[in-house]
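What follows is run_9.txt (compact mmCIF, C-alpha atoms).
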# COMPACT_ATOMS: atom_id res chain seq x y z
CA MET A 1 -7.55 80.36 -94.41
CA LYS A 2 -7.87 79.10 -90.92
CA PHE A 3 -11.08 79.54 -88.99
CA LEU A 4 -10.92 78.81 -85.29
CA LEU A 5 -13.92 78.93 -83.00
CA VAL A 6 -12.85 78.65 -79.39
CA SER A 7 -15.61 77.10 -77.34
CA LEU A 8 -17.32 78.99 -74.59
CA LEU A 9 -16.22 76.30 -72.16
CA SER A 10 -12.57 77.25 -72.75
CA PHE A 11 -13.21 80.86 -71.89
CA PHE A 12 -15.61 80.87 -68.96
CA LEU A 13 -13.37 83.34 -67.17
CA ILE A 14 -13.41 87.07 -67.56
CA PHE A 15 -9.93 88.61 -67.70
CA THR A 16 -9.27 92.03 -66.21
CA SER A 17 -6.57 94.50 -67.20
CA THR A 18 -4.25 92.80 -64.71
CA GLY A 19 -4.77 89.44 -66.49
CA LEU A 20 -3.77 88.58 -70.06
CA ALA A 21 -2.26 91.50 -71.92
CA ASN A 22 0.09 92.23 -74.79
CA ALA A 23 3.40 93.94 -74.26
CA GLU A 24 2.19 96.74 -76.50
CA GLN A 25 -1.43 97.49 -77.35
CA ASN A 26 -3.21 99.87 -79.70
CA SER A 27 -6.73 101.11 -79.10
CA THR A 28 -9.74 102.51 -80.91
CA THR A 29 -13.07 103.85 -79.64
CA VAL A 30 -16.65 103.61 -80.87
CA SER A 31 -19.31 105.43 -78.86
CA ASP A 32 -19.01 104.35 -75.22
CA TRP A 33 -16.81 101.33 -76.03
CA SER A 34 -13.06 101.08 -76.47
CA PHE A 35 -11.18 98.21 -78.05
CA GLU A 36 -7.54 97.35 -77.51
CA PHE A 37 -5.72 95.25 -80.11
CA PRO A 38 -2.16 93.96 -80.54
CA ASN A 39 0.83 95.57 -82.16
CA PHE A 40 0.52 93.72 -85.46
CA SER A 41 4.24 94.08 -86.16
CA ASP A 42 4.67 91.19 -83.72
CA TYR A 43 3.02 88.86 -86.25
CA ALA A 44 5.32 85.96 -85.30
CA ASN A 45 3.65 85.94 -81.85
CA SER A 46 0.11 86.04 -83.26
CA GLY A 47 -0.84 82.85 -81.42
CA ASN A 48 -0.65 84.87 -78.17
CA TRP A 49 -2.44 87.98 -79.31
CA VAL A 50 -4.97 89.43 -76.84
CA PHE A 51 -7.88 91.74 -77.71
CA THR A 52 -9.68 93.68 -74.97
CA LEU A 53 -13.17 95.23 -75.01
CA ARG A 54 -13.75 97.93 -72.39
CA ALA A 55 -17.10 99.39 -71.38
CA GLY A 56 -17.36 103.14 -70.88
CA THR A 57 -19.08 105.14 -68.16
CA THR A 58 -22.61 104.33 -69.35
CA ASN A 59 -22.07 100.62 -69.93
CA THR A 60 -21.00 97.56 -68.02
CA PHE A 61 -21.14 93.78 -68.25
CA SER A 62 -23.58 91.73 -66.18
CA ASP A 63 -23.76 88.17 -64.95
CA GLY A 64 -24.70 85.89 -67.85
CA ASP A 65 -23.71 88.25 -70.68
CA ILE A 66 -22.28 86.41 -73.71
CA ILE A 67 -19.72 88.33 -75.77
CA VAL A 68 -18.48 87.15 -79.17
CA MET A 69 -15.62 88.72 -81.15
CA THR A 70 -15.27 87.91 -84.86
CA LEU A 71 -12.18 89.13 -86.73
CA VAL A 72 -12.75 89.61 -90.48
CA ASP A 73 -10.80 91.04 -93.42
CA TRP A 74 -11.98 93.86 -95.69
CA LYS A 75 -14.04 91.37 -97.73
CA GLY A 76 -15.80 90.06 -94.62
CA VAL A 77 -13.94 86.75 -94.66
CA VAL A 78 -13.65 85.38 -91.10
CA LEU A 79 -10.08 85.05 -89.84
CA ALA A 80 -10.88 83.99 -86.27
CA GLU A 81 -13.69 83.99 -83.70
CA ASN A 82 -13.56 83.95 -79.92
CA SER A 83 -16.29 83.91 -77.23
CA THR A 84 -16.58 84.50 -73.50
CA PHE A 85 -19.25 85.48 -70.97
CA SER A 86 -19.51 87.47 -67.80
CA LEU A 87 -19.84 85.87 -64.40
CA PHE A 88 -20.20 89.05 -62.37
CA ASP A 89 -22.28 92.21 -62.48
CA GLY A 90 -20.37 95.44 -62.97
CA THR A 91 -17.44 93.98 -64.94
CA LYS A 92 -15.92 96.71 -67.14
CA ASN A 93 -13.69 94.76 -69.53
CA VAL A 94 -13.34 91.36 -71.20
CA ASN A 95 -10.43 89.80 -73.08
CA PHE A 96 -10.34 87.63 -76.19
CA GLN A 97 -7.46 85.44 -77.21
CA PRO A 98 -8.18 83.85 -80.61
CA TYR A 99 -5.49 81.54 -81.90
CA ILE A 100 -4.13 83.00 -85.15
CA LEU A 101 -1.11 81.71 -87.02
CA PRO A 102 0.97 83.87 -89.39
CA SER A 103 0.02 81.42 -92.14
CA ASP A 104 -3.67 82.26 -91.53
CA LEU A 105 -2.92 85.66 -93.03
CA LYS A 106 -1.55 84.29 -96.34
CA LYS A 107 -4.57 85.25 -98.44
CA VAL A 108 -5.46 88.41 -96.56
CA ASP A 109 -4.94 91.80 -98.17
CA LEU A 110 -3.13 93.50 -95.30
CA THR A 111 -3.02 96.85 -97.06
CA LYS A 112 -6.63 97.28 -95.91
CA PRO A 113 -7.96 97.40 -92.33
CA LEU A 114 -9.29 94.41 -90.44
CA THR A 115 -12.60 94.62 -88.59
CA ALA A 116 -13.42 93.31 -85.12
CA ARG A 117 -17.17 92.64 -84.88
CA ILE A 118 -18.45 92.44 -81.31
CA VAL A 119 -21.88 90.99 -80.46
CA ILE A 120 -23.09 91.25 -76.84
CA THR A 121 -26.06 89.11 -75.85
CA ARG A 122 -27.25 90.23 -72.44
CA GLY A 123 -27.99 87.82 -69.59
CA PRO A 124 -31.50 87.33 -68.20
CA LYS A 125 -30.93 89.72 -65.27
CA SER A 126 -29.19 92.49 -67.23
CA THR A 127 -30.83 95.90 -67.53
CA PHE A 128 -28.79 96.73 -70.65
CA ALA A 129 -29.83 96.10 -74.24
CA ASP A 130 -28.01 93.72 -76.56
CA ALA A 131 -25.32 95.43 -78.58
CA SER A 132 -23.32 95.07 -81.82
CA ILE A 133 -20.17 97.13 -82.30
CA SER A 134 -17.61 97.12 -85.12
CA PHE A 135 -14.05 98.39 -84.71
CA SER A 136 -11.77 99.13 -87.66
CA LEU A 137 -8.21 97.94 -86.98
CA PRO A 138 -5.43 99.55 -89.06
CA THR A 139 -2.93 97.09 -90.51
CA ALA A 140 0.01 99.37 -91.36
CA ALA A 141 2.15 97.68 -88.67
CA PHE A 142 1.98 94.28 -90.38
CA PRO A 143 5.20 93.32 -92.18
CA LYS A 144 5.00 94.04 -95.90
CA LYS A 145 4.02 91.01 -97.92
CA PRO A 146 6.70 89.84 -100.36
CA VAL A 147 5.65 90.17 -103.99
CA THR A 148 8.55 89.27 -106.28
CA ALA A 149 11.03 86.42 -105.96
CA ALA A 150 13.68 88.96 -104.96
CA ASP A 151 11.49 89.94 -101.97
CA TYR A 152 11.69 86.36 -100.69
CA VAL A 153 15.29 85.56 -101.65
CA THR A 154 18.31 87.86 -101.27
CA LEU A 155 21.45 86.29 -102.67
CA ALA A 156 24.76 86.96 -100.96
CA LYS A 157 26.35 90.07 -102.50
CA ASN A 158 29.67 88.35 -103.19
CA LEU A 159 28.13 85.18 -104.65
CA LEU A 160 28.93 85.94 -108.30
CA SER A 161 31.41 88.77 -107.84
CA LYS A 162 34.02 86.58 -109.57
CA PRO A 163 33.62 84.16 -112.49
CA VAL A 164 32.92 80.57 -111.50
CA PRO A 165 35.71 78.23 -112.65
CA TYR A 166 34.66 75.66 -115.21
CA PRO A 167 34.48 72.37 -113.25
CA ALA A 168 37.37 70.03 -114.04
CA LYS A 169 35.49 67.48 -111.93
CA CYS A 170 32.24 67.44 -109.98
CA ALA A 171 32.36 70.08 -107.28
CA PRO A 172 29.82 71.77 -104.98
CA LEU A 173 28.95 75.43 -105.42
CA PRO A 174 27.36 76.94 -102.27
CA ILE A 175 24.50 79.38 -102.88
CA PRO A 176 24.16 81.47 -99.69
CA PHE A 177 21.01 83.57 -99.41
CA ASP A 178 18.68 85.23 -96.93
CA PHE A 179 15.11 83.97 -96.96
CA SER A 180 12.03 85.96 -95.93
CA ASP A 181 8.52 84.48 -95.84
CA PRO A 182 6.62 86.17 -93.00
CA TYR A 183 3.28 84.57 -93.89
CA GLY A 184 4.37 81.03 -94.75
CA GLU A 185 3.42 81.18 -98.44
CA THR A 186 6.27 79.28 -100.06
CA ALA A 187 6.71 75.59 -100.78
CA ALA A 188 10.27 75.68 -102.11
CA VAL A 189 13.09 77.80 -103.47
CA SER A 190 15.11 76.44 -106.39
CA PHE A 191 18.28 77.52 -108.14
CA ALA A 192 19.30 76.58 -111.67
CA VAL A 193 22.15 77.37 -114.02
CA VAL A 194 20.61 77.93 -117.47
CA ASP A 195 22.38 78.26 -120.79
CA ALA A 196 21.87 80.74 -123.64
CA SER A 197 18.82 78.84 -124.90
CA GLY A 198 17.16 78.85 -121.47
CA LYS A 199 17.80 75.15 -120.94
CA THR A 200 18.59 74.06 -117.38
CA VAL A 201 22.18 72.89 -117.00
CA LYS A 202 22.01 72.03 -113.27
CA SER A 203 19.52 72.76 -110.51
CA ALA A 204 19.04 72.43 -106.77
CA ILE A 205 15.92 72.75 -104.61
CA SER A 206 15.68 74.04 -101.06
CA ASP A 207 12.38 72.72 -99.64
CA LEU A 208 10.64 74.91 -97.08
CA PRO A 209 13.72 76.89 -96.03
CA ILE A 210 13.64 78.48 -92.59
CA PRO A 211 13.56 82.30 -92.68
CA GLY A 212 17.00 83.80 -92.19
CA PRO A 213 20.41 82.85 -93.62
CA VAL A 214 20.26 79.67 -95.74
CA VAL A 215 22.76 77.87 -97.96
CA ALA A 216 21.73 75.77 -100.96
CA THR A 217 24.27 73.76 -102.95
CA LEU A 218 24.64 73.24 -106.68
CA SER A 219 26.83 70.32 -107.72
CA LEU A 220 28.50 71.28 -111.00
CA CYS A 221 30.08 68.59 -113.19
CA PRO A 222 31.90 68.76 -116.54
CA ALA A 223 29.20 66.58 -118.11
CA ASP A 224 26.56 69.19 -117.23
CA PHE A 225 28.16 71.63 -119.66
CA ALA A 226 29.01 69.12 -122.40
CA HIS A 227 26.16 70.29 -124.63
CA ALA A 228 25.52 73.74 -123.16
CA SER A 229 26.50 77.13 -124.52
CA GLY A 230 26.74 80.42 -122.66
CA PRO A 231 26.29 83.08 -121.63
CA PHE A 232 24.96 81.34 -118.53
CA GLN A 233 22.57 82.68 -115.93
CA LEU A 234 21.62 81.71 -112.39
CA LYS A 235 17.84 81.49 -112.13
CA THR A 236 16.18 81.70 -108.73
CA THR A 237 12.58 80.45 -108.55
CA VAL A 238 10.12 80.69 -105.65
CA THR A 239 7.32 78.10 -105.68
CA PHE A 240 4.20 78.72 -103.60
CA LEU A 241 1.87 76.40 -101.71
CA SER A 242 -0.64 74.87 -104.13
CA ALA A 243 -3.59 76.09 -102.08
CA LEU A 244 -2.63 79.69 -102.86
CA LYS A 245 -2.89 79.11 -106.63
CA LYS A 246 0.00 81.53 -107.22
CA SER A 247 2.34 81.29 -110.19
CA ASP A 248 6.03 80.83 -109.56
CA GLU A 249 8.14 83.97 -109.22
CA ALA A 250 11.70 84.06 -110.57
CA PHE A 251 14.67 86.30 -111.28
CA THR A 252 17.98 85.75 -113.05
CA LEU A 253 21.53 86.95 -112.63
CA ALA A 254 24.53 86.61 -114.91
CA PHE A 255 26.51 83.48 -114.09
CA PRO A 256 30.03 84.21 -115.37
CA MET A 257 32.31 81.26 -115.96
CA THR A 258 35.95 80.88 -116.94
CA GLY A 259 37.83 78.00 -118.47
CA PRO A 260 38.88 76.55 -121.80
CA ALA A 261 35.62 74.77 -122.38
CA VAL A 262 33.33 77.73 -121.71
CA VAL A 263 31.74 79.07 -124.86
CA ALA A 264 29.36 81.99 -125.02
CA SER A 265 27.08 81.43 -127.97
CA THR A 266 25.62 84.78 -128.89
CA SER A 267 23.01 84.98 -131.61
CA HIS A 268 24.07 86.91 -134.70
CA LYS A 269 21.01 89.09 -134.04
CA ASN A 270 23.33 90.96 -131.64
CA LEU A 271 25.57 91.89 -134.56
CA ALA A 272 24.96 95.03 -136.57
CA LEU A 273 23.47 95.04 -140.05
CA VAL A 274 26.10 95.71 -142.71
CA CYS A 275 25.35 98.01 -145.64
CA GLN A 276 27.64 98.34 -148.69
CA LYS A 277 28.13 100.96 -151.39
CA GLY A 278 31.06 100.06 -153.61
CA THR A 279 34.08 99.71 -151.34
CA LYS A 280 32.37 101.54 -148.47
CA PHE A 281 30.69 99.71 -145.60
CA LEU A 282 28.22 101.13 -143.07
CA LEU A 283 26.90 99.49 -139.90
CA ILE A 284 23.34 100.07 -138.68
CA ALA A 285 21.57 98.60 -135.63
CA SER A 286 18.29 98.02 -137.46
CA GLY A 287 16.09 99.29 -140.22
CA LYS A 288 16.98 99.96 -143.84
CA CYS A 289 20.27 100.93 -145.41
CA SER A 290 20.84 104.53 -146.46
CA SER A 291 20.17 105.55 -150.04
CA GLY A 292 22.71 104.06 -152.41
CA TYR A 293 23.70 101.31 -149.94
CA SER A 294 22.55 97.71 -150.12
CA LEU A 295 22.25 95.21 -147.29
CA VAL A 296 25.01 92.59 -147.17
CA THR A 297 23.88 89.02 -146.47
CA PHE A 298 26.07 86.92 -144.17
CA THR A 299 25.53 83.17 -144.00
CA VAL A 300 26.69 80.26 -141.87
CA PRO A 301 28.95 78.16 -144.12
CA SER A 302 27.89 74.64 -145.05
CA THR A 303 30.30 71.76 -144.50
CA GLN A 304 31.47 71.95 -148.12
CA ILE A 305 31.97 75.72 -148.01
CA TRP A 306 33.76 75.45 -144.65
CA ASN A 307 36.19 72.89 -146.04
CA ALA A 308 36.91 75.16 -149.00
CA LEU A 309 37.50 78.11 -146.65
CA MET A 310 40.05 76.13 -144.67
CA ARG A 311 41.81 74.52 -147.67
CA ILE A 312 41.45 76.87 -150.64
CA PRO A 313 40.32 80.22 -149.18
CA ALA A 314 41.16 82.21 -152.31
CA THR A 315 38.26 80.53 -154.13
CA LEU A 316 35.81 82.22 -151.71
CA LYS A 317 37.11 85.75 -152.04
CA GLY A 318 34.27 88.25 -151.62
CA LYS A 319 31.99 85.81 -149.79
CA ASN A 320 30.44 86.84 -146.46
CA PHE A 321 30.03 84.55 -143.46
CA ILE A 322 29.11 84.47 -139.78
CA LEU A 323 31.93 82.76 -137.89
CA TYR A 324 33.26 82.20 -134.37
CA GLY A 325 36.85 83.00 -133.48
CA CYS A 326 39.43 82.85 -130.71
CA VAL A 327 42.19 85.46 -130.53
CA ALA A 328 45.67 83.91 -130.58
CA ASP A 329 48.25 86.64 -131.25
CA PHE A 330 48.10 90.18 -132.56
CA VAL A 331 50.36 90.97 -135.51
CA ARG A 332 52.66 93.62 -134.04
CA THR A 333 53.67 95.00 -137.43
CA SER A 334 50.05 95.63 -138.44
CA GLY A 335 49.47 98.73 -136.31
CA GLY A 336 46.85 96.90 -134.28
CA THR A 337 44.67 96.04 -137.28
CA GLN A 338 45.40 92.31 -137.53
CA PHE A 339 45.59 89.21 -135.38
CA MET A 340 45.90 85.48 -135.84
CA GLY A 341 43.23 83.27 -134.40
CA SER A 342 41.38 79.99 -134.51
CA VAL A 343 38.07 79.93 -136.33
CA SER A 344 34.93 77.79 -136.38
CA PRO A 345 31.64 77.83 -138.32
CA LYS A 346 29.65 77.20 -135.15
CA SER A 347 29.69 77.69 -131.41
CA VAL A 348 32.21 75.29 -129.87
CA LYS A 349 33.68 74.62 -126.47
CA SER A 350 37.22 74.31 -127.78
CA PHE A 351 38.71 75.31 -131.13
CA ASP A 352 40.58 73.07 -133.52
CA SER A 353 44.09 74.55 -133.50
CA SER A 354 44.56 73.55 -137.16
CA ASN A 355 41.73 75.84 -138.28
CA ASN A 356 43.43 79.24 -138.32
CA ALA A 357 42.76 82.54 -140.01
CA LEU A 358 44.19 86.02 -140.28
CA PHE A 359 41.65 88.61 -139.10
CA THR A 360 41.72 92.26 -140.11
CA ALA A 361 39.63 95.08 -138.66
CA ASP A 362 39.73 98.70 -137.51
CA ALA A 363 42.48 99.14 -134.89
CA GLN A 364 40.26 101.17 -132.55
CA LYS A 365 37.52 98.54 -132.57
CA LEU A 366 40.03 95.76 -131.93
CA LEU A 367 41.16 97.45 -128.70
CA SER A 368 38.24 95.71 -127.00
CA LEU A 369 39.70 92.28 -127.86
CA SER A 370 42.57 90.58 -126.05
CA THR A 371 44.40 87.29 -126.38
CA ALA A 372 42.15 84.31 -125.53
CA ASP A 373 38.96 86.30 -126.09
CA MET A 374 36.20 84.50 -127.95
CA PHE A 375 34.02 86.37 -130.40
CA GLN A 376 31.37 86.04 -133.06
CA ALA A 377 31.78 88.06 -136.22
CA LYS A 378 30.42 88.94 -139.61
CA VAL A 379 33.38 88.56 -141.94
CA SER A 380 34.23 88.99 -145.61
CA VAL A 381 36.81 86.71 -147.23
CA SER A 382 39.64 88.75 -148.75
CA GLY A 383 41.51 85.68 -150.00
CA GLY A 384 44.29 83.50 -148.66
CA TYR A 385 47.31 84.31 -146.51
CA ALA A 386 50.53 82.33 -146.86
CA GLN A 387 51.74 80.88 -143.59
CA LYS A 388 54.50 78.43 -142.79
CA VAL A 389 53.37 75.43 -140.77
CA ASN A 390 56.07 72.95 -139.75
CA GLY A 391 58.29 74.35 -142.47
CA ALA A 392 55.67 73.96 -145.20
CA GLN A 393 53.83 76.80 -146.95
CA GLN A 394 50.11 76.81 -146.24
CA ASP A 395 47.33 79.18 -147.20
CA ILE A 396 44.93 80.18 -144.44
CA ALA A 397 41.84 82.33 -144.78
CA SER A 398 42.27 86.09 -144.66
CA LEU A 399 39.08 87.54 -143.16
CA ILE A 400 37.93 91.15 -142.85
CA ILE A 401 35.78 91.69 -139.77
CA ARG A 402 32.76 93.87 -140.55
CA ASP A 403 31.32 93.64 -137.03
CA PHE A 404 31.98 91.44 -134.01
CA VAL A 405 30.80 90.83 -130.47
CA LYS A 406 32.93 89.45 -127.67
CA ILE A 407 31.20 86.41 -126.18
CA GLY A 408 33.57 84.76 -123.72
CA THR A 409 37.03 83.29 -123.26
CA CYS A 410 38.79 80.41 -124.96
Exercise: express the given structure as C-alpha cells:
Amino acid sequence: MKFLLVSLLSFFLIFTSTGLANAEQNSTTVSDWSFEFPNFSDYANSGNWVFTLRAGTTNTFSDGDIIVMTLVDWKGVVLAENSTFSLFDGTKNVNFQPYILPSDLKKVDLTKPLTARIVITRGPKSTFADASISFSLPTAAFPKKPVTAADYVTLAKNLLSKPVPYPAKCAPLPIPFDFSDPYGETAAVSFAVVDASGKTVKSAISDLPIPGPVVATLSLCPADFAHASGPFQLKTTVTFLSALKKSDEAFTLAFPMTGPAVVASTSHKNLALVCQKGTKFLLIASGKCSSGYSLVTFTVPSTQIWNALMRIPATLKGKNFILYGCVADFVRTSGGTQFMGSVSPKSVKSFDSSNNALFTADAQKLLSLSTADMFQAKVSVSGGYAQKVNGAQQDIASLIIRDFVKIGTC
C-alpha cells in the first residue's frame, strides 16, 4: 500500500476547469458540492489522475482556505492524500492530483466503492464555516482483478495441439503466452513438465514478465526423461510478491509426447475390478462383486515369477498378474481377438524384444488398440504358446486380457 502526502508547497496554485483535467471525467454530488473523478478504466494512467471539487451556488472558496482530499478504500485504509489552498476570494473549484500507481491498488477490494473525504478549513477572512464532505466513488470501471493462474496467463491455443517429440538431443521448446497483471501483483511465472508422480522433469521461470505477448523457453533433454514416466503435464504457476502473502496459483494441461522412449505409467487403480464365477468374468468400476462372484486378485510378478512366466509359462497357468505391454502385430486369423506383443512386469521406456507374449481378448474391446500402442492390463495366464524363433521352437506366455487401459506409444 502506498501512501503519498503531497505537500502544500507543491500545490499552492488553484486549478480552474481550463487547467488540469482528465480526458473523461465522472461526477457525483453531495448537497451543494459536486466532485469530478477519473474514468477508472484508465488505471494505467493513474499517476495523472485529476479530481475536481466544485462549489455550488451557495458556496465558494476564499483566500486562505485549505482543502484536503483523502482517498480511502471501503475499510477506511488511506490510498492517497492531496492538499491545496485558495489564493483568491470567489474561487468555485479546486483540483487535486494525487500520485497513485496501479500497484498501489494491489490490496484494495475494487468490487466496493472508494471514498473521497474532503476537509475544508476556512481562511481567517472567510465568512463560510469549515466543512467536511464525503463522496462515494463507484469502482465498476476498474479492470477486473485476476484471481486464478489462468486469469494471469493465457497459453497459445496451438501450443500443445500436437504431441511434443521426445527429444533425441537437448532442444528448446518455446512456451508462448499472453500475460495480464493490471495491478502489478506477480513476482514470476514458471512452467514445468511434470511426470505421472507429480515430479518436475524440467522447468523454466519468467521473472516479472511484461503484460502482453511473452515467450518462455523450456530446454528439454533426453536425460530429463531418463527416470520419468508419463502421462506428462505442463504446469503453469504464478508466484506473487511476498508482501501480498498470497499462495501460488497454478493450472495444468496435458503434455502429450511421442517417441520410442515415452512411457505412460498408469496406476492399476484405473483398471476395473474383476469378478469371477466359474468360467464367467464380470468387470465392475468399484464396490463389491455380485452375488455368487468373487473378486480376482491381480499381482505384480516378482523377479522369480517373471522369469518363470518368460521361460516356462505353462507352470503359471491360472495365475493373474498386472503387466505392461506393447502391441506388435495382430493375428489376422484370430478374428481380431489376438495379437503378439512385448511384455514387461513394470513401466519401462523401451521393451525387451525377447520378452514376447500372445494376448487374447474380446475383439470389440481390442478395436481401441493399434500397432505400437502401449497398455497396462490385468491378465490371466492360459499357458504357453509355441513359437518359432530363429528356427527353434520356443514357448511364450499366452495371456488372456481381463481389462486394459491404453497408456501411450512404444
Write out as a PyMOL selection string which residues come within 8 Å of segment 307-324 of chain A when counting only C-alpha atoms, dropping same-chain ones fewer than 5 positions away. chain A and resi 268+296-301+343-347+355-356+374-384+395-398
Write the residues of the preceding selection, restricted to C-alpha atoms, as a compact mmCIF listing (two decimals), in the frame of the given file.
# COMPACT_ATOMS: atom_id res chain seq x y z
CA HIS A 268 24.07 86.91 -134.70
CA VAL A 296 25.01 92.59 -147.17
CA THR A 297 23.88 89.02 -146.47
CA PHE A 298 26.07 86.92 -144.17
CA THR A 299 25.53 83.17 -144.00
CA VAL A 300 26.69 80.26 -141.87
CA PRO A 301 28.95 78.16 -144.12
CA VAL A 343 38.07 79.93 -136.33
CA SER A 344 34.93 77.79 -136.38
CA PRO A 345 31.64 77.83 -138.32
CA LYS A 346 29.65 77.20 -135.15
CA SER A 347 29.69 77.69 -131.41
CA ASN A 355 41.73 75.84 -138.28
CA ASN A 356 43.43 79.24 -138.32
CA MET A 374 36.20 84.50 -127.95
CA PHE A 375 34.02 86.37 -130.40
CA GLN A 376 31.37 86.04 -133.06
CA ALA A 377 31.78 88.06 -136.22
CA LYS A 378 30.42 88.94 -139.61
CA VAL A 379 33.38 88.56 -141.94
CA SER A 380 34.23 88.99 -145.61
CA VAL A 381 36.81 86.71 -147.23
CA SER A 382 39.64 88.75 -148.75
CA GLY A 383 41.51 85.68 -150.00
CA GLY A 384 44.29 83.50 -148.66
CA ASP A 395 47.33 79.18 -147.20
CA ILE A 396 44.93 80.18 -144.44
CA ALA A 397 41.84 82.33 -144.78
CA SER A 398 42.27 86.09 -144.66
I'd like the neighbourhood of Gly64 of chain A as a PyMOL selection string, where a residue qualifies if any of its atoms comes within 6 Å (using only C-alpha atoms), though same-chain residues fewer than 6 positions away should be ignored. chain A and resi 86-87+123
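Atom CA of Asp329 of chain A sits 16.4 Å away from atom CA of Ala386 of chain A.
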Please report the interatomic distance between atom CA of Ile100 of chain A and atom CA of Ser132 of chain A in Å with one decimal. 22.9 Å
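Note that the spacing between atom CA of Leu114 of chain A and atom CA of Ile67 of chain A amounts to 19.0 Å.
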Fewer than 4 positions away in the same chain doesn't count, so skip those; otherwise give me all residues within 6 Å of Ala272 of chain A, counting only C-alpha atoms, as a VMD selection string. chain A and resid 283 to 285
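The neighbours of segment 330-341 of chain A here are the residues that come within 6 Å of it, using only C-alpha atoms and leaving out any residue fewer than 6 positions away in the same chain; they are A:Asn356, A:Ala357, A:Leu358, A:Phe359, A:Thr360, A:Ala361, A:Asp362, A:Ala363.
Proximity to Pro98 of chain A was assessed for A:Val78, A:Val215, A:Met69, A:Val119 counting only C-alpha atoms; the smallest distance is recorded for A:Met69.
For the choices A:Ser353, A:Ser180, A:Thr252, A:Thr371, the atom-to-atom distance to Lys145 of chain A is smallest for A:Ser180 when using all atoms listed in the file.
If you measure from each of A:Ser103, A:Ser136, A:Thr217, A:Gln364 to Leu241 of chain A using only C-alpha atoms, the closest one turns out to be A:Ser103.
Each of A:Asp109, A:Glu249, A:Asp403, A:Asp352 was compared to Lys75 of chain A using only C-alpha atoms, and A:Asp109 turns out to be the nearest.
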I'd like the contact shell of Val193 of chain A - 7 Å cut-off, all atoms listed in the file, skipping same-chain residues fewer than 4 positions apart - returned as a PyMOL selection string. chain A and resi 200-203+232-235
When distances are computed from only C-alpha atoms, which of A:Leu159, A:Cys275, A:Ile401, A:Ala187 shows the smallest separation from Phe240 of chain A? A:Ala187
Reconstruct N, CA and C atoms of segment 101-114 of chain A from the incomplete input and present them as a PDB file, keeping the file's coordinate frame.
ATOM      1  N   LEU A 101      -2.458  81.973 -86.545  1.00  0.00           N
ATOM      2  CA  LEU A 101      -1.110  81.710 -87.020  1.00  0.00           C
ATOM      3  C   LEU A 101      -0.723  82.699 -88.117  1.00  0.00           C
ATOM      4  N   PRO A 102       0.560  83.005 -88.264  1.00  0.00           N
ATOM      5  CA  PRO A 102       0.970  83.870 -89.390  1.00  0.00           C
ATOM      6  C   PRO A 102       0.483  83.339 -90.727  1.00  0.00           C
ATOM      7  N   SER A 103       0.457  82.011 -90.874  1.00  0.00           N
ATOM      8  CA  SER A 103       0.020  81.420 -92.140  1.00  0.00           C
ATOM      9  C   SER A 103      -1.470  81.649 -92.409  1.00  0.00           C
ATOM     10  N   ASP A 104      -2.246  81.964 -91.328  1.00  0.00           N
ATOM     11  CA  ASP A 104      -3.670  82.260 -91.530  1.00  0.00           C
ATOM     12  C   ASP A 104      -3.864  83.553 -92.312  1.00  0.00           C
ATOM     13  N   LEU A 105      -2.817  84.341 -92.388  1.00  0.00           N
ATOM     14  CA  LEU A 105      -2.920  85.660 -93.030  1.00  0.00           C
ATOM     15  C   LEU A 105      -2.421  85.628 -94.474  1.00  0.00           C
ATOM     16  N   LYS A 106      -2.130  84.419 -95.009  1.00  0.00           N
ATOM     17  CA  LYS A 106      -1.550  84.290 -96.340  1.00  0.00           C
ATOM     18  C   LYS A 106      -2.379  84.972 -97.425  1.00  0.00           C
ATOM     19  N   LYS A 107      -3.706  84.740 -97.369  1.00  0.00           N
ATOM     20  CA  LYS A 107      -4.570  85.250 -98.440  1.00  0.00           C
ATOM     21  C   LYS A 107      -5.199  86.602 -98.120  1.00  0.00           C
ATOM     22  N   VAL A 108      -4.828  87.164 -96.997  1.00  0.00           N
ATOM     23  CA  VAL A 108      -5.460  88.410 -96.560  1.00  0.00           C
ATOM     24  C   VAL A 108      -4.738  89.611 -97.166  1.00  0.00           C
ATOM     25  N   ASP A 109      -5.501  90.549 -97.686  1.00  0.00           N
ATOM     26  CA  ASP A 109      -4.940  91.800 -98.170  1.00  0.00           C
ATOM     27  C   ASP A 109      -4.696  92.710 -96.971  1.00  0.00           C
ATOM     28  N   LEU A 110      -3.446  92.742 -96.511  1.00  0.00           N
ATOM     29  CA  LEU A 110      -3.130  93.500 -95.300  1.00  0.00           C
ATOM     30  C   LEU A 110      -2.836  94.960 -95.574  1.00  0.00           C
ATOM     31  N   THR A 111      -3.099  95.412 -96.791  1.00  0.00           N
ATOM     32  CA  THR A 111      -3.020  96.850 -97.060  1.00  0.00           C
ATOM     33  C   THR A 111      -4.326  97.538 -96.663  1.00  0.00           C
ATOM     34  N   LYS A 112      -5.328  96.740 -96.303  1.00  0.00           N
ATOM     35  CA  LYS A 112      -6.630  97.280 -95.910  1.00  0.00           C
ATOM     36  C   LYS A 112      -6.945  96.864 -94.469  1.00  0.00           C
ATOM     37  N   PRO A 113      -7.714  97.678 -93.751  1.00  0.00           N
ATOM     38  CA  PRO A 113      -7.960  97.400 -92.330  1.00  0.00           C
ATOM     39  C   PRO A 113      -8.709  96.089 -92.105  1.00  0.00           C
ATOM     40  N   LEU A 114      -8.479  95.508 -90.920  1.00  0.00           N
ATOM     41  CA  LEU A 114      -9.290  94.410 -90.440  1.00  0.00           C
ATOM     42  C   LEU A 114     -10.455  94.991 -89.641  1.00  0.00           C
TER      43      LEU A 114
END
